[in-house]
Structure formats: C-alpha cells, structure tokens
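Just below is one structure, and these are the notes that go with it.
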Amino acid sequence: MNNCLAIIKRELAAYFSTPLAYVFIVIFLALSGALTFFMGAFFERGQADLNSFFSFHPWLYLFLIPAISMRLWAEERKTGTVELLLTMPVSIWVLVVGKFLAAWTFIAIALGLTFPLWLTVNYLGDPDNGVIVASYLGSFVMAGSYLAIGSCISATTRNQVIAFILTAVLCFLFLMSGVELVQSFFQGWAPSFLTEALASMSFLTHFNTIVRGVIDLRDIVFFSSIIGVFLYINTAVIQLTRGS
Amino acid sequence: MVLKENMIVIEGLTKDFDSFRAVDNISFNVKKGEVLGFLGPNGAGKSTTMKMLTGYLPISSGTASVCGNDVTRYPLETKARIGYLPEGAPLYGDMTTIGLLNFIAEVRGLSNADKRDKVNLSIKKLQLESVMNQPIETLSKGFKRRVGFAQAILHDPDVLVLDEPTDGLDPNQKYQVRELIKDMALDKAIIISTHILEEVEAVCSRAVIISAGRIVFDDTPETLKAKSTSGSLDEVFRKLTHK
C-alpha cells in the first residue's frame with residue numbers, strides 16, 4: 001500500500017516537473033470551454049444543463065488522454081529505469097496500478113478545474129445538479145478507460161509517438177463501435193450477436209446514457225471492467241517484455 | 001570457526017533468447033564477506049546473469065537463490081535483500097538526488113525515521129551533499145554513477161549486485177568506489193561485473209571469468225595471475241576467453 005503511494009507520488013511529480021502538465025491543463029480547459037460555447041451553442045440552446053460541455057469529452061479525450069498515457073511505460077523502457085523499478089520489492093501489479101492512479105489523478109485535476117462552467121450554469125439557471133454530478137462521474141470513468149488502454153499500449157513500446165498513435169486508434173475504435181456508420185458496415189454480413197456485442201462495447205453509447213442522467217450500474221460496471229481488463233493485460237505485457 | 005553461509009547460490013543457470021544461449025549452465029556460490037569479480041568480454045553473459053539474479057529477467061532453466069530464497073518463487077523477499085546497480089546506472093533524470101533516494105526508500109517500504117537516517121547515511125558515504133537538490137539529469141557521469149550506487153546500498157542489503165560500478169569514472173572516483181566496496185565487504189556478499197582486470201586485483205577476493213556464457217575460470221585473483229607466464233592478467237584473460 002505504502003509503496004503504491006510512493007509510485008503515485010513520484011509519477012504525479014514527474015507530470016508537474018515539466019511545463020507539459022500545465023500546457024495540457026490549459027489546452028484542455030481552453031478547448032472544452034471553446035467547444036461548449038461555440039460548437040455546443042451553450043447560450044443559444046437556452047437550456048440550464050451542461051450537455052454541450054460533456055458531449056465533446058469523448059472526442060477531446062481521444063487525443064488528450066493518449067498524450068498523458070504515452071509516457072507511462074514507454075519512457076521507462078527507453079531510459080532503462082524500468083530495470084530499476086522492476087528490481088524493487090514491489091509486484092508488477094502494484095506498479096501498474098500506481099502509475100495508472102497517478103495519471104488518473106492528473107485527469108481528475110484537469111476535469112475538476114472546469115468547475116467555473118458548473119458555477120456559470122447554476123448562476124444562469126436552475127440545472128439538475130444530480131445529472132451534472134453523474135456526467136462528471138461518467139466522464140471521469142470514461143477517461144479512466146482511455147487511460148487504461150493507453151497505459152497498456154505504452155508498455156508494448158519504447159517509442160512514445162507510436163504509443164500515442166496506437167492508443168488514439170484503439171480508443172477511436174472503442175468509441176465508434178456503436179455508431180451507425182460502423183454498425184452498417186457489419187450489419188450486411190455479420191451475425192446479429194456480433195454486431196450487438198460490438199455496439200455494447202461502444203464508449204459513446206455508455207457515456208451518452210450517463211450524460212442523459214440515467215446512472216445505470218451497467219454503464220459504470222462497463223467502464224470499470226474496461227479499466228480492469230486493460231490494466232490486467234498491461235501487467236501481463238510487462239511480465240512478458242521485461243528484459244527485452 | 002563459524003562457517004560462513006552462502007548468500008548467493010546459483011545452480012545450472014541458463015538463459016535462452018530465442019535460439020541464442022546467452023548464459024549456459026552456470027553454477028557458483030558467494031559467501032558472506034566475499035567480493036566476487038565477474039569477468040568476461042562484452043557479450044559474454046555477465047549482465048544477463050546479474051539480471052536473472054536480481055529478478056529482472058526470467059530464468060530459462062536452473063535456479064538462483066538469495067539468502068536461502070529462490071528468486072523466481074519468492075521475488076519480493078529476495079529483491080528486498082538485494083541492492084542492485086544496473087549497467088549504466090539508469091535513474092529518473094527529472095528527480096533530484098534527495099528526491100530519488102527518498103523515493104527508493106519509500107518504495108522499499110522503510111519507515112519514516114528509518115528512511116531519513118538511511119538516506120542521510122548513503123548520501124554521506126558517497127559524498128553527495130553538494131548535489132542533493134540538483135536534478136539528476138544535470139549531474140556529471142561520475143555523480144550519476146554515485147547516485148546509482150547510493151540507491152543500491154540505501155537499505156543496507158545483504159547482497160550487492162553491481163554491474164560495472166566504476167565504468168566511466170575518473171581514477172580518483174574509481175579509487176573511492178573501490179574503497180567503499182572494501183568497507184562494505186565484511187558483512188555482505190558482493191558481485192561486481194567488470195572488464196577492468198586491475199579492479200579484480202584491487203577489490204575482489206575471488207574471480208569468475210565467463211566466456212560465451214560458460215565459466216572458464218573460478219578461483220582467487222592470485223591463482224589467475226600465477227597462470228600467466230609474464231605475470232599480467234591481460235594475457236591470461238585473453239587466453240581463457242579467446243575462441
């Protein structure tokens with residue numbers, strides 16, 4: 001437990017040791033703000049909710065999360081510090097979880113800093129704060145899923161650029177699997193259980209349910225399982241590639 | 001007289017990379033108080049053996065144990081007893097010297113009071129006071145190596161595994177590191193890999209030479225020297241490792 005905390009502390013400090021973390025937060029805040037007000041027509045809609053804010057999150061995360069996750073393991077492998085880390089008396093699972101939690105905390109900080117939007121909508125109208133809290137939670141667990149995928153991919157390479165691109169591609173597939181465009185491609189020939197399975201894996205479908213204010217346990221379980229499965233694969237990847 | 005216990009026991013250790021056999025059926029023991037010089041040309045399998053002993057590389061066949069525990073079956077217990085300086089001393093460049101040592105102490109699970117004492121002690125031993133708050137990436141090669149060394153001895157381990165500890169150091173720094181190794185030798189079992197032969201004479205109580213993954217010599221440095229006609233270690237080394 002204590003050594004997991006040490007890992008989290010070090011990783012978080014590593015994010016903030018370069019200006020990159022601040023740049024990331026500024027970009028995240030600026031983009032999410034701009035998208036909400038211009039693309040999302042926050043004012044014109046005349047609705048006291050944050051739908052126009054949350055609906056862009058799946059797309060924002062698509063390139064911002066890989067930027068956070070790409071260094072998690074690839075950098076360690078490149079500089080050789082992974083050897084230092086893996087010869088410490090700590091199990092690989094603890095290292096994987098520690099690194100993941102540090103990156104997730106970083107995202108929580110960025111997400112938390114969007115609170116002025118929440119204040120704004122409360123000042124202007126009378127929104128359903130329950131839905132907003134649910135949406136924040138949904139956005140956070142979805143970010144965790146992207147991150148788990150990214151951490152896993154990062155462990156397979158020592159090149160951060162490759163980690164970034166592969167993560168973005170894989171996340172895109174998970175995101176789009178429920179969309180009509182992808183579905184119609186399969187519907188012609190694939191058996192219906194396959195297309196349904198594919199649709200049920202879609203981040204977008206699960207996220208949209210949460211944002212509508214329906215906290216279905218299944219959606220939370222879905223994202224949690226994605227996190228669990230990918231962190232498990234992450235551990236296996238490190239176990240298999242250590243020393244190479 | 002009390003029999004000194006074997007701290008490191010390696011039996012039939014073998015490592016295969018695909019079709020290439022990097023380490024081939026190596027066996028040796030290291031007792032408490034012994035400093036074993038692990039010699040061999042580049043690519044002979046020195047680092048690979050050390051990586052298996054420290055639990056970084058999986059073992060293909062054979063066994064390695066540290067303080068009576070098998071490294072594959074009890075990885076956490078054995079890793080806790082080992083201090084390891086990997087080849088090239090990889091460190092987190094963005095951290096300061098003190099930050100890194102504190103991090104290692106925490107990951108190794110030292111309590112707060114213990115942590116402070118041990119970090120201070122290893123800073124003192126390696127004379128790192130002047131660079132305590134400097135980011136490691138800004139340090140000279142010699143200082144980096146010493147931080148790596150400080151990290152390895154931090155928790156006062158029973159077994160020290162040092163992969164080319166003096167590589168890249170100037171003669172004064174080499175001397176310092178060797179003195180340090182001699183100081184610590186009394187109550188530890190130490191393995192040093194090197195291809196500098198003078199180092200073996202200077203610090204080691206025993207020399208093991210490997211070539212192409214196999215042990216070709218295992219005795220004291222004096223015996224090694226006696227094998228030479230001209231009295232130079234270089235000559236014996238060449239003879240033993242030449243194919």
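The chains in the structure tokens are called A, B, ... from first to last as shown; in each chain the residues are counted from 1, and the ligands are counted from 1 in the order shown.
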Wanna dump the chain B-chain A contacts at 10 Å for me, each residue with its shortest atom pair and the distance in Å to one decimal, counting only C-alpha atoms, ordered by chain and number, as JSON lines?
{"residue": "B:Phe17", "atom": "CA", "partner": "A:Ser244", "partner_atom": "CA", "distance": 9.4}
{"residue": "B:Thr48", "atom": "CA", "partner": "A:Gly243", "partner_atom": "CA", "distance": 9.0}
{"residue": "B:Lys51", "atom": "CA", "partner": "A:Gly243", "partner_atom": "CA", "distance": 8.0}
{"residue": "B:Met52", "atom": "CA", "partner": "A:Gly243", "partner_atom": "CA", "distance": 9.4}
{"residue": "B:Leu53", "atom": "CA", "partner": "A:Thr87", "partner_atom": "CA", "distance": 9.9}
{"residue": "B:Thr54", "atom": "CA", "partner": "A:Thr87", "partner_atom": "CA", "distance": 6.2}
{"residue": "B:Gly55", "atom": "CA", "partner": "A:Thr87", "partner_atom": "CA", "distance": 6.2}
{"residue": "B:Tyr56", "atom": "CA", "partner": "A:Thr87", "partner_atom": "CA", "distance": 5.8}
{"residue": "B:Leu57", "atom": "CA", "partner": "A:Gly243", "partner_atom": "CA", "distance": 5.3}
{"residue": "B:Pro58", "atom": "CA", "partner": "A:Arg242", "partner_atom": "CA", "distance": 8.1}
{"residue": "B:Pro75", "atom": "CA", "partner": "A:Pro89", "partner_atom": "CA", "distance": 7.3}
{"residue": "B:Leu76", "atom": "CA", "partner": "A:Pro89", "partner_atom": "CA", "distance": 4.5}
{"residue": "B:Glu77", "atom": "CA", "partner": "A:Pro89", "partner_atom": "CA", "distance": 6.9}
{"residue": "B:Thr78", "atom": "CA", "partner": "A:Pro89", "partner_atom": "CA", "distance": 7.7}
{"residue": "B:Lys79", "atom": "CA", "partner": "A:Pro89", "partner_atom": "CA", "distance": 5.0}
{"residue": "B:Ala80", "atom": "CA", "partner": "A:Pro89", "partner_atom": "CA", "distance": 5.2}
{"residue": "B:Arg81", "atom": "CA", "partner": "A:Pro89", "partner_atom": "CA", "distance": 8.8}
{"residue": "B:Ile82", "atom": "CA", "partner": "A:Thr87", "partner_atom": "CA", "distance": 8.7}
{"residue": "B:Gly83", "atom": "CA", "partner": "A:Thr87", "partner_atom": "CA", "distance": 8.9}
{"residue": "B:Tyr84", "atom": "CA", "partner": "A:Thr87", "partner_atom": "CA", "distance": 7.6}
{"residue": "B:Leu85", "atom": "CA", "partner": "A:Leu84", "partner_atom": "CA", "distance": 8.1}
{"residue": "B:Pro86", "atom": "CA", "partner": "A:Leu84", "partner_atom": "CA", "distance": 7.1}
{"residue": "B:Glu87", "atom": "CA", "partner": "A:Gly80", "partner_atom": "CA", "distance": 9.3}
{"residue": "B:Gly88", "atom": "CA", "partner": "A:Gly80", "partner_atom": "CA", "distance": 8.8}
{"residue": "B:Ala89", "atom": "CA", "partner": "A:Thr81", "partner_atom": "CA", "distance": 8.5}
{"residue": "B:Pro90", "atom": "CA", "partner": "A:Thr81", "partner_atom": "CA", "distance": 5.1}
{"residue": "B:Leu91", "atom": "CA", "partner": "A:Thr81", "partner_atom": "CA", "distance": 5.7}
{"residue": "B:Tyr92", "atom": "CA", "partner": "A:Thr81", "partner_atom": "CA", "distance": 6.7}
{"residue": "B:Gly93", "atom": "CA", "partner": "A:Thr79", "partner_atom": "CA", "distance": 9.1}
{"residue": "B:Asp94", "atom": "CA", "partner": "A:Ser17", "partner_atom": "CA", "distance": 6.8}
{"residue": "B:Met95", "atom": "CA", "partner": "A:Ala14", "partner_atom": "CA", "distance": 7.8}
{"residue": "B:Gly99", "atom": "CA", "partner": "A:Arg10", "partner_atom": "CA", "distance": 8.9}
{"residue": "B:Leu100", "atom": "CA", "partner": "A:Arg10", "partner_atom": "CA", "distance": 8.9}
{"residue": "B:Asn102", "atom": "CA", "partner": "A:Ala6", "partner_atom": "CA", "distance": 9.2}
{"residue": "B:Phe103", "atom": "CA", "partner": "A:Ala6", "partner_atom": "CA", "distance": 6.4}
{"residue": "B:Ile104", "atom": "CA", "partner": "A:Met88", "partner_atom": "CA", "distance": 8.2}
{"residue": "B:Ala105", "atom": "CA", "partner": "A:Ala6", "partner_atom": "CA", "distance": 9.2}
{"residue": "B:Glu106", "atom": "CA", "partner": "A:Ala6", "partner_atom": "CA", "distance": 5.9}
{"residue": "B:Val107", "atom": "CA", "partner": "A:Asn3", "partner_atom": "CA", "distance": 4.4}
{"residue": "B:Arg108", "atom": "CA", "partner": "A:Pro89", "partner_atom": "CA", "distance": 6.3}
{"residue": "B:Gly109", "atom": "CA", "partner": "A:Asn3", "partner_atom": "CA", "distance": 6.1}
{"residue": "B:Leu110", "atom": "CA", "partner": "A:Asn3", "partner_atom": "CA", "distance": 9.4}
{"residue": "B:Ser111", "atom": "CA", "partner": "A:Asn2", "partner_atom": "CA", "distance": 9.7}
{"residue": "B:Gly148", "atom": "CA", "partner": "A:Leu84", "partner_atom": "CA", "distance": 9.6}
{"residue": "B:Gln151", "atom": "CA", "partner": "A:Leu84", "partner_atom": "CA", "distance": 9.7}
{"residue": "B:Ala152", "atom": "CA", "partner": "A:Leu84", "partner_atom": "CA", "distance": 9.7}
Query - Distance query Ile68 in chain A at most 12 Å, only C-alpha atoms, self and fewer than 4 positions along chain excluded, as a PyMOL selection string - result: chain A and resi 11-12+14-16+20-25+28+61-64+72-75+99-100+102-107+110+143-144+146-151+154+160-161+163-164+167-168
I need the residues from that last selection saved to file as a PDB file, in the first residue's frame (with C-alpha atoms), if you can.
ATOM      1  CA  GLU A  11       4.528   9.827 -11.144  1.00  0.00           C
ATOM      2  CA  LEU A  12       2.430  12.864 -10.297  1.00  0.00           C
ATOM      3  CA  ALA A  14       7.002  13.719 -12.878  1.00  0.00           C
ATOM      4  CA  TYR A  15       3.984  15.210 -14.667  1.00  0.00           C
ATOM      5  CA  PHE A  16       4.421  18.542 -12.967  1.00  0.00           C
ATOM      6  CA  LEU A  20       3.889  19.947 -20.214  1.00  0.00           C
ATOM      7  CA  ALA A  21       1.375  19.324 -17.445  1.00  0.00           C
ATOM      8  CA  TYR A  22       0.383  22.977 -17.274  1.00  0.00           C
ATOM      9  CA  VAL A  23       0.210  23.222 -21.057  1.00  0.00           C
ATOM     10  CA  PHE A  24      -2.015  20.177 -21.083  1.00  0.00           C
ATOM     11  CA  ILE A  25      -4.375  21.593 -18.483  1.00  0.00           C
ATOM     12  CA  PHE A  28      -7.928  21.019 -22.015  1.00  0.00           C
ATOM     13  CA  TYR A  61     -10.099  12.611 -24.662  1.00  0.00           C
ATOM     14  CA  LEU A  62      -9.351  10.896 -27.934  1.00  0.00           C
ATOM     15  CA  PHE A  63      -6.165  12.877 -28.398  1.00  0.00           C
ATOM     16  CA  LEU A  64      -5.555  14.360 -24.955  1.00  0.00           C
ATOM     17  CA  LEU A  72       3.845   5.933 -18.570  1.00  0.00           C
ATOM     18  CA  TRP A  73       5.896   2.869 -19.575  1.00  0.00           C
ATOM     19  CA  ALA A  74       7.485   3.776 -22.910  1.00  0.00           C
ATOM     20  CA  GLU A  75       9.695   6.383 -21.245  1.00  0.00           C
ATOM     21  CA  LYS A  99       1.106   4.605 -12.427  1.00  0.00           C
ATOM     22  CA  PHE A 100      -2.487   4.397 -13.621  1.00  0.00           C
ATOM     23  CA  ALA A 102      -1.278   8.894 -10.802  1.00  0.00           C
ATOM     24  CA  ALA A 103      -2.323   9.644 -14.382  1.00  0.00           C
ATOM     25  CA  TRP A 104      -5.985   9.350 -13.428  1.00  0.00           C
ATOM     26  CA  THR A 105      -5.461  11.801 -10.569  1.00  0.00           C
ATOM     27  CA  PHE A 106      -3.894  14.192 -13.040  1.00  0.00           C
ATOM     28  CA  ILE A 107      -7.007  13.959 -15.232  1.00  0.00           C
ATOM     29  CA  ALA A 110      -7.885  18.890 -15.087  1.00  0.00           C
ATOM     30  CA  ALA A 143     -11.261   8.927 -19.123  1.00  0.00           C
ATOM     31  CA  GLY A 144     -10.032   6.063 -16.930  1.00  0.00           C
ATOM     32  CA  TYR A 146      -8.997   5.561 -22.299  1.00  0.00           C
ATOM     33  CA  LEU A 147      -6.118   5.778 -19.860  1.00  0.00           C
ATOM     34  CA  ALA A 148      -6.016   2.052 -19.095  1.00  0.00           C
ATOM     35  CA  ILE A 149      -5.882   1.347 -22.829  1.00  0.00           C
ATOM     36  CA  GLY A 150      -3.119   3.945 -23.199  1.00  0.00           C
ATOM     37  CA  SER A 151      -1.079   2.592 -20.307  1.00  0.00           C
ATOM     38  CA  SER A 154       2.611   2.309 -23.675  1.00  0.00           C
ATOM     39  CA  GLN A 160       6.172   7.431 -27.166  1.00  0.00           C
ATOM     40  CA  VAL A 161       4.941   8.583 -30.591  1.00  0.00           C
ATOM     41  CA  ALA A 163       2.233   4.682 -28.143  1.00  0.00           C
ATOM     42  CA  PHE A 164       0.282   7.897 -28.776  1.00  0.00           C
ATOM     43  CA  THR A 167      -3.720   4.437 -28.308  1.00  0.00           C
ATOM     44  CA  ALA A 168      -5.672   7.042 -30.273  1.00  0.00           C
TER      45      ALA A 168
END
Report task. Write out as a list in words each polymer residue whose atoms come within 10 Å of range 137-140 of chain B, counting only C-alpha atoms; drop sequence neighbours fewer than 2 positions from it. Result ->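 With the cut-off at 10 Å, the set is Leu91, Tyr92, Gly93, Asp94, Met95, Thr96, Thr97, Val131, Gln134, Pro135, Gly142, Phe143, Lys144, Arg145, Arg146, Val147 and Leu169 of chain B.
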Query raised in the report: Pick the closest to Val23 in chain B from B:Ile190, B:Ala212, B:Ile196, B:Leu224: which is it, counting only C-alpha atoms?
Result: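 That would be B:Ala212, the residue with the smallest distance to Val23 in chain B.
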Query raised in the report: What is the CA of Glu5 in chain B-CA of Gly68 in chain B distance in Å, reported with one decimal?
Result: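 Between CA of Glu5 in chain B and CA of Gly68 in chain B the gap is 9.6 Å.
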**Report entry** Length of the CA of Ile132 in chain A to CA of Thr205 in chain A vector [Å]
**Finding:** 17.7 Å
Query - DSSP helix (DSSP H, G or I) selection over range 7-109 of chain B, as an MDAnalysis selection string - result: chainID B and resid 46:53 75:81 97:107
Query raised in the report: Which one of A:Asn208, A:Thr157, A:Ser192, A:Ser177 sits closest to Asn234 in chain A if you count only C-alpha atoms?
Result: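 That would be A:Thr157, the residue with the smallest distance to Asn234 in chain A.
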